[in-house]
$ cat input-v2.txt   # compact mmCIF, C-alpha atoms
# COMPACT_ATOMS: atom_id res chain seq x y z
CA MET L 1 12.44 -2.92 28.10
CA PRO L 2 8.67 -3.08 28.76
CA THR L 3 7.57 -3.71 32.32
CA VAL L 4 7.45 -7.45 33.01
CA ARG L 5 4.20 -8.58 34.62
CA LEU L 6 4.15 -11.03 37.52
CA ILE L 7 1.04 -13.19 37.24
CA PRO L 8 -0.04 -15.81 39.79
CA ARG L 9 -1.72 -18.72 38.01
CA LEU L 10 -4.63 -20.42 39.74
CA ASP L 11 -5.76 -23.72 38.22
CA ILE L 12 -9.28 -24.59 39.35
CA LYS L 13 -11.17 -27.86 39.60
CA ALA L 14 -14.76 -27.47 40.85
CA PRO L 15 -14.48 -25.14 43.89
CA ASN L 16 -10.82 -25.85 44.62
CA LEU L 17 -7.45 -24.40 43.76
CA ILE L 18 -5.32 -27.33 42.63
CA LYS L 19 -1.74 -27.96 41.49
CA GLY L 20 -0.14 -30.78 39.56
CA ILE L 21 3.02 -31.76 37.72
CA HIS L 22 2.91 -31.79 33.91
CA LEU L 23 -0.75 -30.76 34.43
CA GLU L 24 -1.45 -34.16 36.03
CA GLY L 25 -1.51 -35.67 39.54
CA LEU L 26 -3.65 -32.81 40.77
CA ARG L 27 -3.51 -31.90 44.45
CA VAL L 28 -6.02 -29.68 46.25
CA ILE L 29 -4.37 -26.52 47.60
CA GLY L 30 -7.31 -24.57 49.04
CA ASP L 31 -9.85 -21.83 48.40
CA PRO L 32 -8.99 -20.01 45.15
CA GLN L 33 -10.58 -16.75 46.24
CA ALA L 34 -8.50 -16.63 49.41
CA TYR L 35 -5.33 -17.20 47.41
CA ALA L 36 -6.35 -14.65 44.78
CA ARG L 37 -6.93 -12.04 47.47
CA ARG L 38 -3.60 -12.88 49.11
CA TYR L 39 -1.73 -12.52 45.83
CA TYR L 40 -3.48 -9.26 45.01
CA GLU L 41 -2.56 -7.83 48.41
CA ALA L 42 1.03 -9.03 47.87
CA GLY L 43 1.30 -7.00 44.66
CA ALA L 44 0.33 -9.28 41.77
CA ASP L 45 0.14 -7.42 38.47
CA GLU L 46 -2.60 -9.69 37.13
CA LEU L 47 -4.32 -12.96 38.01
CA LEU L 48 -4.83 -15.98 35.78
CA TYR L 49 -7.68 -18.41 36.45
CA ILE L 50 -7.81 -21.66 34.45
CA ASP L 51 -10.71 -24.13 34.81
CA ILE L 52 -8.70 -27.28 34.15
CA VAL L 53 -11.69 -29.63 33.70
CA ALA L 54 -13.84 -27.28 31.65
CA SER L 55 -13.02 -28.95 28.33
CA LEU L 56 -14.41 -32.22 29.67
CA TYR L 57 -17.80 -30.67 30.36
CA GLY L 58 -17.90 -28.15 27.55
CA ARG L 59 -18.40 -25.14 29.78
CA ASN L 60 -16.50 -22.87 32.12
CA ASN L 61 -17.64 -22.95 35.74
CA LEU L 62 -15.70 -19.98 37.03
CA ALA L 63 -18.22 -17.16 36.67
CA ASP L 64 -19.21 -17.21 40.35
CA ILE L 65 -15.58 -17.40 41.53
CA VAL L 66 -14.61 -14.57 39.18
CA ARG L 67 -17.57 -12.46 40.25
CA GLN L 68 -16.64 -12.77 43.91
CA THR L 69 -12.93 -12.26 43.28
CA ALA L 70 -13.58 -9.11 41.26
CA ARG L 71 -15.20 -7.52 44.32
CA ASP L 72 -11.93 -7.69 46.25
CA VAL L 73 -9.25 -7.71 43.57
CA PHE L 74 -8.46 -4.69 41.43
CA VAL L 75 -5.94 -5.96 38.91
CA PRO L 76 -6.72 -7.53 35.52
CA ILE L 77 -8.12 -11.07 35.64
CA THR L 78 -7.74 -13.54 32.77
CA VAL L 79 -10.02 -16.57 32.74
CA GLY L 80 -9.61 -19.70 30.62
CA GLY L 81 -11.09 -23.14 30.18
CA GLY L 82 -14.22 -24.27 28.36
CA ILE L 83 -14.82 -21.04 26.43
CA ARG L 84 -16.48 -22.21 23.23
CA SER L 85 -18.49 -19.21 22.05
CA VAL L 86 -18.82 -15.44 22.13
CA GLU L 87 -21.58 -15.96 24.67
CA ASP L 88 -19.24 -17.88 26.98
CA ALA L 89 -16.71 -15.05 26.72
CA ARG L 90 -19.39 -12.44 27.37
CA ALA L 91 -20.56 -14.22 30.52
CA LEU L 92 -17.07 -14.26 32.02
CA LEU L 93 -16.31 -10.67 31.04
CA ARG L 94 -19.59 -9.58 32.61
CA ALA L 95 -18.65 -11.52 35.75
CA GLY L 96 -15.52 -9.40 36.09
CA ALA L 97 -12.86 -10.95 33.87
CA ASP L 98 -10.79 -8.56 31.78
CA LYS L 99 -9.56 -11.20 29.32
CA VAL L 100 -10.54 -14.70 28.25
CA ALA L 101 -8.03 -17.41 27.34
CA VAL L 102 -9.07 -19.92 24.68
CA ASN L 103 -7.39 -23.21 23.80
CA THR L 104 -9.47 -26.25 22.83
CA ALA L 105 -12.27 -24.38 21.08
CA ALA L 106 -9.80 -22.25 19.10
CA VAL L 107 -8.09 -25.40 17.82
CA ALA L 108 -11.47 -26.82 16.78
CA ARG L 109 -12.73 -23.52 15.31
CA PRO L 110 -9.97 -20.94 14.88
CA GLU L 111 -12.40 -18.23 13.79
CA LEU L 112 -13.68 -18.14 17.38
CA LEU L 113 -10.68 -15.94 18.20
CA THR L 114 -11.79 -13.50 15.50
CA ASP L 115 -15.40 -13.58 16.68
CA ILE L 116 -14.46 -12.74 20.26
CA ALA L 117 -11.98 -10.07 19.19
CA ARG L 118 -14.59 -8.36 17.02
CA GLN L 119 -17.04 -8.26 19.91
CA PHE L 120 -14.71 -7.23 22.73
CA GLY L 121 -11.39 -6.19 21.16
CA SER L 122 -8.14 -8.09 20.73
CA GLN L 123 -6.97 -6.93 24.15
CA ALA L 124 -9.60 -9.24 25.67
CA VAL L 125 -8.49 -12.37 23.77
CA VAL L 126 -5.65 -14.63 24.88
CA LEU L 127 -4.66 -17.69 22.87
CA SER L 128 -3.65 -20.36 25.38
CA ILE L 129 -1.17 -22.91 24.03
CA GLU L 130 -0.17 -26.04 25.95
CA ALA L 131 3.06 -27.13 24.29
CA LYS L 132 5.19 -30.26 24.45
CA GLN L 133 8.51 -30.98 22.80
CA ASP L 134 7.90 -33.07 19.69
CA GLY L 135 11.25 -34.86 19.61
CA LYS L 136 12.22 -33.08 16.39
CA GLY L 137 13.45 -29.84 17.83
CA GLY L 138 10.02 -28.21 17.90
CA TRP L 139 6.85 -28.20 19.97
CA GLU L 140 3.35 -29.49 19.37
CA ALA L 141 0.26 -27.74 20.73
CA TYR L 142 -1.97 -29.90 22.93
CA THR L 143 -5.39 -29.59 24.50
CA ASP L 144 -7.11 -31.18 27.52
CA ASN L 145 -4.31 -30.47 30.00
CA GLY L 146 -1.61 -31.64 27.66
CA ARG L 147 -3.25 -34.97 26.87
CA GLU L 148 -4.74 -34.51 23.41
CA HIS L 149 -2.58 -34.09 20.32
CA THR L 150 -3.59 -31.36 17.87
CA GLY L 151 -0.95 -31.93 15.21
CA LEU L 152 -0.32 -28.17 15.26
CA ASP L 153 3.15 -26.71 15.50
CA ALA L 154 2.95 -24.53 18.62
CA VAL L 155 4.98 -21.66 17.17
CA ALA L 156 3.05 -21.58 13.88
CA TRP L 157 -0.20 -21.75 15.85
CA ALA L 158 0.84 -18.74 17.93
CA ARG L 159 1.52 -16.77 14.76
CA ARG L 160 -1.83 -17.83 13.32
CA GLY L 161 -3.55 -16.89 16.58
CA GLN L 162 -2.29 -13.34 16.31
CA GLU L 163 -3.52 -13.15 12.71
CA LEU L 164 -6.94 -14.31 13.86
CA GLY L 165 -7.22 -11.59 16.48
CA ALA L 166 -5.59 -12.75 19.70
CA GLY L 167 -4.01 -9.89 21.61
CA GLU L 168 -1.79 -12.04 23.81
CA ILE L 169 -0.31 -15.55 23.89
CA LEU L 170 -0.17 -17.72 27.01
CA VAL L 171 2.37 -20.47 26.34
CA THR L 172 2.52 -23.25 28.92
CA SER L 173 5.33 -25.78 28.73
CA VAL L 174 3.70 -29.06 29.75
CA ASP L 175 7.18 -30.60 29.97
CA ARG L 176 8.24 -28.07 32.59
CA GLU L 177 4.95 -27.39 34.39
CA GLY L 178 5.15 -28.13 38.12
CA THR L 179 8.79 -29.28 37.95
CA ARG L 180 10.46 -26.13 39.34
CA LYS L 181 13.24 -26.72 36.77
CA GLY L 182 12.74 -23.47 34.93
CA TYR L 183 10.70 -22.24 32.01
CA ASP L 184 11.22 -23.64 28.53
CA VAL L 185 13.26 -20.66 27.37
CA ALA L 186 13.70 -21.95 23.82
CA LEU L 187 9.94 -22.41 23.40
CA THR L 188 9.19 -18.96 24.77
CA ARG L 189 11.86 -17.36 22.58
CA ALA L 190 10.50 -19.10 19.46
CA VAL L 191 6.94 -17.96 20.18
CA SER L 192 8.06 -14.41 21.04
CA ALA L 193 9.98 -14.20 17.76
CA ALA L 194 6.92 -15.37 15.80
CA VAL L 195 4.48 -12.74 17.11
CA THR L 196 4.41 -9.04 17.91
CA ILE L 197 1.87 -9.32 20.73
CA PRO L 198 2.76 -9.97 24.40
CA VAL L 199 3.76 -13.50 25.42
CA ILE L 200 3.16 -14.93 28.90
CA ALA L 201 5.54 -17.75 29.86
CA SER L 202 4.06 -20.44 32.09
CA GLY L 203 5.35 -23.68 33.53
CA GLY L 204 8.47 -24.41 35.55
CA MET L 205 9.38 -21.46 37.76
CA GLY L 206 11.38 -22.54 40.77
CA SER L 207 13.64 -19.54 41.31
CA VAL L 208 14.07 -15.91 40.35
CA ASP L 209 16.88 -16.94 38.02
CA HIS L 210 14.35 -18.92 35.99
CA MET L 211 12.26 -15.77 35.59
CA VAL L 212 15.31 -13.71 34.62
CA ASP L 213 16.27 -16.31 32.00
CA VAL L 214 12.85 -16.48 30.35
CA VAL L 215 12.59 -12.69 30.22
CA ARG L 216 16.11 -11.94 29.01
CA GLN L 217 16.67 -14.97 26.80
CA GLY L 218 13.09 -15.96 26.01
CA HIS L 219 11.82 -12.37 25.60
CA ALA L 220 8.70 -13.08 27.68
CA ASP L 221 6.55 -10.05 28.45
CA ALA L 222 5.03 -11.67 31.53
CA VAL L 223 5.63 -14.69 33.74
CA ALA L 224 2.94 -16.90 35.22
CA MET L 225 3.78 -18.76 38.41
CA ALA L 226 1.96 -21.22 40.63
CA ASP L 227 3.94 -23.82 42.60
CA VAL L 228 6.50 -21.33 43.91
CA LEU L 229 3.68 -19.21 45.37
CA HIS L 230 1.11 -21.84 46.39
CA TYR L 231 3.65 -23.74 48.48
CA ASN L 232 5.17 -20.57 49.96
CA ARG L 233 8.58 -21.23 48.46
CA MET L 234 8.79 -17.50 47.70
CA THR L 235 6.48 -14.53 48.11
CA LEU L 236 5.59 -12.02 45.43
CA PRO L 237 7.42 -9.21 47.27
CA ASP L 238 10.52 -11.43 47.45
CA ILE L 239 10.28 -12.17 43.74
CA ARG L 240 9.73 -8.55 42.81
CA THR L 241 12.63 -7.32 44.94
CA ALA L 242 14.96 -9.97 43.53
CA ALA L 243 13.88 -9.12 39.99
CA ILE L 244 14.66 -5.44 40.59
CA ASP L 245 18.04 -6.37 42.06
CA ARG L 246 18.79 -8.29 38.86
CA GLY L 247 17.84 -5.35 36.70
CA LEU L 248 14.47 -6.53 35.40
CA ALA L 249 11.89 -3.88 34.62
CA VAL L 250 9.04 -4.83 36.97
CA ARG L 251 6.44 -2.63 38.59
CA ARG L 252 7.60 -1.12 41.85
CA THR L 253 5.06 -1.30 44.64

$ encode --input "input-v2.txt" --output "structure tokens"
Amino acid sequence: MPTVRLIPRLDIKAPNLIKGIHLEGLRVIGDPQAYARRYYEAGADELLYIDIVASLYGRNNLADIVRQTARDVFVPITVGGGIRSVEDARALLRAGADKVAVNTAAVARPELLTDIARQFGSQAVVLSIEAKQDGKGGWEAYTDNGREHTGLDAVAWARRGQELGAGEILVTSVDREGTRKGYDVALTRAVSAAVTIPVIASGGMGSVDHMVDVVRQGHADAVAMADVLHYNRMTLPDIRTAAIDRGLAVRRT
């Protein structure tokens, strides 16, 4: 089994780290750079920054935060939100990001994934999918923090994203996000079965058992987590130790 990556997710609004439920009802948590540094020192494998209002303004505002974080943090950083062009991607990669996550702009212009991959390599391109159950046994991809319908089947869109050049899929269950009720294992399993690139599961972690389920049953390659860390319900060392005790292949620090 490949090593499972533990990835703190930091959703950003203006200068603040925030957290919501179902990507709504956002609450200010604190300084994102302080939390990023804390998580790095606690053994995070990667960090995930998402500018959650970027699509409203048509641009990502995280370059300065990423630039400062990259001075203190020496694990891969993925940045998403408001990336609409190769130039936007270049600016964030130059600021210190290792990967860019694209959602809204890829739905509007799928070839953007190809354009970025050709410039920087597929390993730098993450297709971000915000998925909701569609009431028919499947999932629809959404944009704008799970508010805007796309009409796209989330699993088919993941497959298409790989074909277009994405090197990784970030799949966020809007239904589970912030609930601490566990990842959407069925969604993650369906996406993982549709692609051959790594899949990051996001949305719903409340216990180590939830992580074990989405890795073993959902075949996730990485797990993103926010609430459980931001509110000090568990620490990364606790999570890593418990994962090892349960037989998961995680990096030993």

$ residues_around --input "input-v2.txt" --residues "L:Leu187" --least-positions-apart "2" --cutoff "9 Å" --atoms "only C-alpha atoms" --output "PyMOL selection string"
chain L and resi 131+133+138-139+154-155+171+173+183-185+189-192+218

$ atom_distance --input "input-v2.txt" --atom1 "atom CA of L:Asp88" --atom2 "atom CA of L:Ala158"
22.0 Å

$ residues_around --input "input-v2.txt" --residues "L:Pro15" --least-positions-apart "4" --cutoff "12 Å" --atoms "all atoms listed in the file" --output "list of chain:residue names"
L:Leu10, L:Asp11, L:Val28, L:Ile29, L:Gly30, L:Asp31, L:Pro32, L:Gln33, L:Ala34, L:Asp51, L:Ile52, L:Val53, L:Asn61, L:Leu62, L:Ala63, L:Asp64, L:Ile65, L:Val66

$ atom_distance --input "input-v2.txt" --atom1 "atom CA of L:Arg216" --atom2 "atom CA of L:Tyr231"
26.0 Å

$ closest_residue --input "input-v2.txt" --among "L:Ser207, L:Ile169, L:Phe120, L:Ala156" --to "L:Val102" --atoms "only C-alpha atoms"
L:Ile169

$ closest_residue --input "input-v2.txt" --among "L:Glu163, L:Gln119, L:Ile50, L:Thr188" --to "L:Ala14" --atoms "all atoms listed in the file"
L:Ile50

$ residues_near_point --input "input-v2.txt" --point "(-12.5, -10.2, 45.4)" --cutoff "12 Å" --atoms "all atoms listed in the file" --output "PyMOL selection string"
chain L and resi 32-41+47+64-77+95-97

$ atom_distance --input "input-v2.txt" --atom1 "atom CA of L:Arg180" --atom2 "atom CA of L:Leu229"
11.4 Å

$ closest_residue --input "input-v2.txt" --among "L:Pro8, L:Gly82, L:Gly203, L:Gly167" --to "L:Thr179" --atoms "all atoms listed in the file"
L:Gly203

$ residues_near_point --input "input-v2.txt" --point "(-11.8, -11.7, 29.8)" --cutoff "9 Å" --atoms "all atoms listed in the file" --output "list in words"
Pro76, Ile77, Thr78, Val79, Gly80, Ala89, Arg90, Leu92, Leu93, Arg94, Gly96, Ala97, Asp98, Lys99, Val100, Ala101, Phe120, Gln123, Ala124, Val125 and Val126 of chain L

$ closest_atom_pairs --input "input-v2.txt" --of "stretch 29-115 of chain L" --to "stretch 233-241 of chain L" --cutoff "8 Å" --atoms "all atoms listed in the file" --output "CSV"
residue,atom,partner,partner_atom,distance
L:Tyr39,CA,L:Leu236,CA,7.3
L:Ala42,CA,L:Leu236,CA,6.0
L:Gly43,CA,L:Leu236,CA,6.6
L:Ala44,CA,L:Leu236,CA,7.0

$ write_last_selection --input "input-v2.txt" --atoms "C-alpha atoms" --output "tab-separated table (two decimals), keeping the file's coordinate frame"
chain	number	residue	atom	x	y	z
L	39	TYR	CA	-1.73	-12.52	45.83
L	42	ALA	CA	1.03	-9.03	47.87
L	43	GLY	CA	1.30	-7.00	44.66
L	44	ALA	CA	0.33	-9.28	41.77
